[in-house]
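So the structure is just underneath, and the comments pick up after that.
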Amino acid sequence: MWDTFSLKARLVLNRAVYAAHTSGDGFVTPEHLLQGLLLDSRSAAAELLRRANVAASDLGKDLPLAPVTAGAVEEADSPKLSLSVAASDAIQHAYREAEGLHDKDFIGTDHLLLGLMALADESLATRFARAGLRHDALRVLAATIRQERQATGRAGIYGDMATPEPFQAQSGIHWARFTERGRRALIEAQQYATVRGENFVRPEHLLLAILAQDEGMAHRLLETAGSVPGEIATHLDSILTPGPGRDDRPMRLDETTTRVLQLALDEAEGVGNTFIGPEHLLIGIVVLGSGPSGIVLREFGPSRDVVRQSFDTLRSLPPPAIENAVTASSGGAVLQQAHTPGTSLPDLKPDPAVQRFRFIFWLAFVGMLLFFLRGCH
């Protein structure tokens, strides 16, 4: 079931579970889902709100929930909580919204937002109405955005799309082999290439996407090696030139990027990791050392020997020691391990007791209805 959710939608669910856990709630509610949606400013839902001239801060104002940071749960083990009946209904509505927008192969954050609006929830309805949002108008706007992006060859929005086929087809590496952060780096590399008018994802696009993740093992790896991620990103961005312009074909990987993915897989398997994260992709880029990314890394980044030594150092430390070795700013509560090989989705399912209550209620209702009809005759 959860395989159909986009990367961004999965992160929303992880954040919602974490928000419920932090608030001391026993179930994930629609309010937790809304909080998870509003935490991400680079998603299809965020784009939808921007086009509707609604600020996420206004929509989320006075949500009675504990504060949660966007990066706090993306590489952490989420607690296992059940969905409330209303949250389960919201996700079912999201499926129907996706079908209505002809997105039958995935569920994105825009579908989740529309699913929340479709709920008969008085509190949420008041919140949406106060922000000037109408369900039918927002659905039309979502369809318009999809058509615009498809016309320019960009069906996905910040990773809110189905699994990108070029990565798997060209590299031979199954999408499931990448961690959530690894997938996000690959998807955002595609966005970087698109914005620059390129028809191929190159190592420099992938490196920029990795450097844009201001938390995680790849950043700690660079800092431990004595490099400054922001400095590398600035110099790399300054030497890149615009591409020839997007053609009508889907985005592809160039040969060097395919090689980087293979090197990343070798690095992960070489240290006994099942999954490929941004840190393995970074090492692959450093080892390959070609193109603009190679030029910048040779001047401002670590050598292949230094990056591997730093990786070994970080891997040898227990999680608390890693957090003390390189301090990452979190802006709030952090639930993060040194390296989580593959973030599994929380075990989200309707609570069995609630399901039994719903069944008994409807059974009693049908019995009363039949009794009433019999009395009428």
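In the structure tokens, chains take letters A, B, ... by order of appearance, with residues numbered from 1 within each chain and ligands from 1 in the order shown.
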Determine, counting only C-alpha atoms, which protein, DNA and RNA residues have an atom within 9 Å of an atom of region 233-250 of chain A; residues of the same chain fewer than 5 positions away are not included. Present the result as a VMD selection string. chain A and resid 152 to 154 166 193 to 199 204 207 to 208 211 to 212 228 292 to 293 295 to 297 300
Excluding region 182-187 of chain A and any residue of its chain fewer than 2 positions from it, enumerate the residues within 7 Å of it, using only C-alpha atoms, and give them as a PyMOL selection string. chain A and resi 159+178-180+189-191+206+209-210+276-278
Just the strand (DSSP E or B) stuff from region 116-242 of chain A, please, per backbone DSSP, written as a PDB file with C-alpha atoms, in the first residue's frame.
ATOM      1  CA  ILE A 157       7.389  18.529  -8.133  1.00  0.00           C
ATOM      2  CA  ASP A 160       6.403  14.400  -5.427  1.00  0.00           C
ATOM      3  CA  PHE A 178      18.389   3.799  -1.616  1.00  0.00           C
ATOM      4  CA  PHE A 200      20.989  14.673 -18.465  1.00  0.00           C
ATOM      5  CA  VAL A 201      21.574  14.365 -14.723  1.00  0.00           C
TER       6      VAL A 201
END
Excluding Asp121 (chain A) and any residue of its chain fewer than 5 positions from it, enumerate the residues within 9 Å of it, using only C-alpha atoms, and give them as JSON, numbers by chain. {"A": [30, 86, 116, 126]}
At what distance in Å, to one decimal, does CA of Asn14 (chain A) lie from CA of Leu282 (chain A)? 25.1 Å
